[in-house]
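Colleague: For reference, the file model-v6.txt (compact mmCIF, C-alpha atoms and all ligand atoms) is included below:
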```txt
# COMPACT_ATOMS: atom_id res chain seq x y z
CA MET A 1 1.43 21.03 24.94
CA ALA A 2 4.69 20.75 23.05
CA PRO A 3 4.26 19.83 19.38
CA HIS A 4 6.20 16.60 19.71
CA SER A 5 3.73 15.26 22.25
CA VAL A 6 0.68 15.77 20.02
CA LYS A 7 -0.58 12.39 18.86
CA PRO A 8 -2.19 12.30 15.44
CA ASN A 9 -5.63 10.77 15.04
CA LEU A 10 -4.82 7.28 13.84
CA ARG A 11 -8.33 5.88 13.63
CA ASP A 12 -8.56 3.77 10.46
CA PHE A 13 -11.59 5.76 9.35
CA GLN A 14 -11.96 4.58 5.73
CA ARG A 15 -10.74 0.99 5.90
CA ALA A 16 -13.97 -0.85 4.99
CA LYS A 17 -14.83 1.66 2.28
CA PHE A 18 -11.36 1.41 0.79
CA TYR A 19 -11.46 -2.41 0.74
CA ARG A 20 -14.78 -2.29 -1.11
CA PHE A 21 -13.29 0.17 -3.59
CA GLU A 22 -10.28 -2.05 -4.23
CA GLU A 23 -12.46 -5.11 -4.83
CA ALA A 24 -14.83 -3.25 -7.14
CA VAL A 25 -12.30 -1.22 -9.12
CA ILE A 26 -8.61 -1.91 -8.59
CA GLN A 27 -8.58 -5.70 -8.41
CA ARG A 28 -10.62 -5.99 -11.59
CA HIS A 29 -8.03 -4.24 -13.71
CA PRO A 30 -6.68 -6.58 -16.45
CA LEU A 31 -3.09 -6.00 -15.33
CA ASN A 32 -3.88 -7.33 -11.87
CA GLN A 33 -2.19 -10.68 -12.38
CA LEU A 34 -1.66 -13.82 -10.36
CA LEU A 35 1.98 -14.11 -9.30
CA SER A 36 4.32 -16.72 -7.91
CA LEU A 37 5.94 -15.94 -4.56
CA ASP A 38 9.20 -15.13 -6.39
CA GLN A 39 7.35 -12.73 -8.69
CA CYS A 40 5.77 -11.12 -5.61
CA ARG A 41 9.26 -10.65 -4.15
CA ALA A 42 10.57 -9.09 -7.35
CA LEU A 43 7.61 -6.71 -7.50
CA ALA A 44 7.90 -5.75 -3.83
CA HIS A 45 11.63 -5.10 -4.14
CA LYS A 46 11.09 -2.65 -6.98
CA TYR A 47 9.51 -0.27 -4.48
CA ASN A 48 11.05 -1.33 -1.19
CA ALA A 49 14.47 -2.82 -1.77
CA THR A 50 14.82 -4.14 1.77
CA VAL A 51 11.32 -5.47 2.51
CA LEU A 52 11.10 -9.04 3.77
CA VAL A 53 8.47 -11.00 1.82
CA LYS A 54 7.18 -13.92 3.84
CA ASP A 55 5.26 -16.96 2.69
CA GLY A 56 1.92 -16.59 4.42
CA ARG A 57 0.58 -19.93 3.25
CA GLY A 58 -2.29 -21.06 5.45
CA ARG A 59 -2.97 -17.60 6.81
CA ARG A 60 -6.32 -16.01 6.23
CA HIS A 61 -5.14 -12.43 5.70
CA ALA A 62 -2.29 -10.82 3.87
CA GLY A 63 -0.36 -8.56 6.20
CA ALA A 64 2.29 -5.89 6.46
CA SER A 65 4.36 -4.22 9.13
CA TYR A 66 6.05 -0.86 8.69
CA GLU A 67 8.05 -1.33 11.85
CA ASP A 68 9.38 -4.76 10.90
CA ASN A 69 9.55 -3.88 7.18
CA LEU A 70 7.85 -7.09 6.09
CA ILE A 71 4.84 -8.34 4.21
CA THR A 72 3.16 -11.72 4.52
CA LEU A 73 1.37 -13.24 1.54
CA PRO A 74 -1.07 -16.17 1.71
CA ARG A 75 -1.49 -17.91 -1.65
CA TRP A 76 -4.76 -16.18 -2.60
CA SER A 77 -3.17 -12.77 -2.07
CA ARG A 78 -0.36 -13.24 -4.56
CA GLN A 79 -1.59 -10.77 -7.14
CA THR A 80 -0.21 -7.46 -8.34
CA THR A 81 -2.63 -5.11 -6.60
CA ILE A 82 -2.54 -6.87 -3.23
CA VAL A 83 1.26 -7.04 -3.20
CA LEU A 84 1.38 -3.30 -3.94
CA HIS A 85 -1.18 -2.65 -1.18
CA GLU A 86 0.99 -4.47 1.35
CA VAL A 87 4.16 -2.78 0.08
CA ALA A 88 2.45 0.60 0.50
CA HIS A 89 1.98 -0.25 4.18
CA THR A 90 5.76 -0.65 4.51
CA LEU A 91 6.24 2.86 3.09
CA VAL A 92 3.81 4.78 5.32
CA ASP A 93 4.71 4.85 8.99
CA SER A 94 1.64 3.56 10.84
CA GLN A 95 2.87 5.31 13.97
CA TYR A 96 2.00 8.64 12.37
CA TYR A 97 -0.65 7.96 9.72
CA PRO A 98 -3.89 5.94 9.73
CA HIS A 99 -3.50 2.52 8.10
CA HIS A 100 -5.71 3.20 5.11
CA GLY A 101 -5.76 6.97 5.36
CA ALA A 102 -5.24 9.65 2.71
CA GLU A 103 -1.44 9.30 2.73
CA PHE A 104 -1.58 5.52 2.27
CA VAL A 105 -4.07 5.87 -0.59
CA GLY A 106 -1.77 8.40 -2.28
CA VAL A 107 1.25 6.08 -2.05
CA LEU A 108 -0.75 3.11 -3.33
CA ILE A 109 -2.13 5.06 -6.29
CA GLY A 110 1.45 6.00 -7.16
CA LEU A 111 2.57 2.37 -7.05
CA LEU A 112 -0.41 1.15 -9.08
CA SER A 113 0.20 3.74 -11.80
CA ARG A 114 3.90 2.79 -12.01
CA GLU A 115 2.72 -0.77 -12.73
CA LEU A 116 0.21 0.56 -15.27
CA VAL A 117 -2.79 -0.57 -13.19
CA GLY A 118 -4.71 2.54 -14.16
CA THR A 119 -3.16 5.98 -14.35
CA VAL A 120 -2.76 8.55 -11.61
CA GLU A 121 -5.61 10.49 -13.21
CA SER A 122 -8.02 7.56 -13.61
CA ASN A 123 -7.28 6.10 -10.17
CA THR A 124 -7.47 9.44 -8.40
CA GLY A 125 -10.75 10.16 -10.16
CA ALA A 126 -12.14 6.78 -9.09
CA VAL A 127 -10.95 7.31 -5.49
CA LEU A 128 -12.63 10.71 -5.31
CA ALA A 129 -15.83 9.38 -6.94
CA ALA A 130 -15.94 6.74 -4.20
CA ARG A 131 -15.68 9.61 -1.67
CA LEU A 132 -12.42 8.34 -0.27
CA LYS A 133 -9.74 10.67 1.02
CA ILE A 134 -6.43 10.83 -0.83
CA ASP A 135 -3.42 13.05 -0.23
CA ILE A 136 -2.06 13.72 -3.71
CA ASN A 137 1.23 14.95 -2.25
CA TRP A 138 2.04 11.33 -1.43
CA ILE A 139 1.51 9.93 -4.94
CA PHE A 140 5.05 10.56 -6.10
CA ARG A 141 6.59 11.03 -2.72
CA ASP A 142 9.88 9.23 -2.54
CA ALA A 143 8.76 7.23 0.45
CA PHE A 144 10.76 4.18 -0.50
CA SER A 145 14.10 5.97 -0.75
CA GLN A 146 13.42 7.57 2.63
CA ARG A 147 12.75 4.15 4.03
CA ASN A 148 15.94 2.76 2.57
CA LYS A 149 17.93 5.73 3.82
CA MET A 150 16.65 5.15 7.34
CA LEU A 151 17.72 1.53 7.24
CA ARG A 152 21.23 2.24 5.98
ZN ZN B 1 -4.17 -2.64 4.25
```
Do you think you could lay out the structure here as structure tokens?

Modeller:
Amino acid sequence: MAPHSVKPNLRDFQRAKFYRFEEAVIQRHPLNQLLSLDQCRALAHKYNATVLVKDGRGRRHAGASYEDNLITLPRWSRQTTIVLHEVAHTLVDSQYYPHHGAEFVGVLIGLLSRELVGTVESNTGAVLAARLKIDINWIFRDAFSQRNKMLR
């Protein structure tokens, strides 16, 4: 089989475990703050200059689409760590990588540390202690400039 026809395994193997980890560790950080929709937009645009931030009022779940380069934020989800989670989805192409896989976790840890929600060291340590997979090569990967280059 030619390499280009090999499909990666995209099963979202650590989704539930990662959500539990975020609730128990990341969301409890004191710098995880409640934000207005405008503040969410400003935060999202720091890391993805072209992302569309939609008012998800009335929706149950926050959401993100890499393909459409957008995030949707119900009221309850307007907090630093959830906005960064959704932004991370717009930086990792879900056609090639599992939604909450090692690459995604790496990107998110990078974003969290840039906002001082933990450090790369503390967050990576916590991720590994929770037996989650992380690809450290993605922590400081310039995923957002790649994204913006592609859209130019
Ligand atoms: Zn997610």

Colleague: Using all atoms listed in the file, what table do you get, as CSV, when you list each residue of chain A with an atom no more than 7 Å from ligand ZN 1 (chain B), its nearest pair of atoms, and their distance in Å rounded to one decimal, rows by chain then rising number?

Modeller:
```
residue,atom,partner,partner_atom,distance
A:His85,CA,B:ZN1,ZN,6.2
A:Glu86,CA,B:ZN1,ZN,6.2
A:His89,CA,B:ZN1,ZN,6.6
A:His99,CA,B:ZN1,ZN,6.5
A:His100,CA,B:ZN1,ZN,6.1
```

Colleague: Calculate how many Å separate CA of Arg57 in chain A from CA of Arg75 in chain A, rounding to one decimal.

Modeller: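 Atom-to-atom, CA of Arg57 in chain A and CA of Arg75 in chain A are spaced 5.7 Å apart.
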
Colleague: Can you tell me how far CA of His61 in chain A sits from CA of Lys17 in chain A, in Å to one decimal?

Modeller: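 Value for the CA of His61 in chain A-CA of Lys17 in chain A distance: 17.4 Å.
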
Colleague: Which residues of range 80-128 of chain A come within 7 Å of range 137-142 of chain A, and what is each one's closest atom pair and distance in Å (one decimal), counting all atoms listed in the file, sorted by chain and residue number, as CSV?

Modeller:
```
residue,atom,partner,partner_atom,distance
A:Glu103,CA,A:Trp138,CA,5.8
A:Gly106,CA,A:Ile139,CA,4.5
A:Val107,CA,A:Ile139,CA,4.8
A:Ile109,CA,A:Ile139,CA,6.2
A:Gly110,CA,A:Ile139,CA,4.5
```

Colleague: From the set A:Tyr66, A:Phe104, A:Phe21, A:Trp76, which residue has the shortest atom-to-atom contact distance to Thr90 in chain A, counting only C-alpha atoms?

Modeller: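 Distance minimum relative to Thr90 in chain A lands on A:Tyr66.
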
Colleague: Applying 12 Å and all atoms listed in the file, which residues near Ile82 in chain A remain after dropping the ones on its own chain fewer than 5 positions away? List them as a PyMOL selection string.

Modeller: chain A and resi 19+22-23+26-28+32-35+40+43-44+61-64+71-77+87-89+108+111-112+117

Colleague: Given all atoms listed in the file as the basis, pick out the residue of A:Leu116, A:Leu31, A:Ala102, A:Ala42 nearest to Arg131 in chain A.

Modeller: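 Ranked by minimum distance to Arg131 in chain A, first place goes to A:Ala102.
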
Colleague: May I ask for the distance between CA of Asp68 in chain A and CA of Arg15 in chain A, given in Å to one decimal place?

Modeller: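 For CA of Asp68 in chain A relative to CA of Arg15 in chain A, the distance reads 21.5 Å.
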
Colleague: For Arg114 in chain A, which of A:Leu128, A:Ser65, A:Lys46, A:Arg59 is the closest residue, counting only C-alpha atoms?

Modeller: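 Going through A:Leu128, A:Ser65, A:Lys46, A:Arg59 one by one, the smallest distance to Arg114 in chain A is for A:Lys46.
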
Colleague: Nearest to Tyr96 in chain A among A:Val120, A:Ile136, A:Ala126, A:Leu10, with distances taken over all atoms listed in the file: which residue is it?

Modeller: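 Looking at the shortest contact to Tyr96 in chain A, the residue is A:Leu10.
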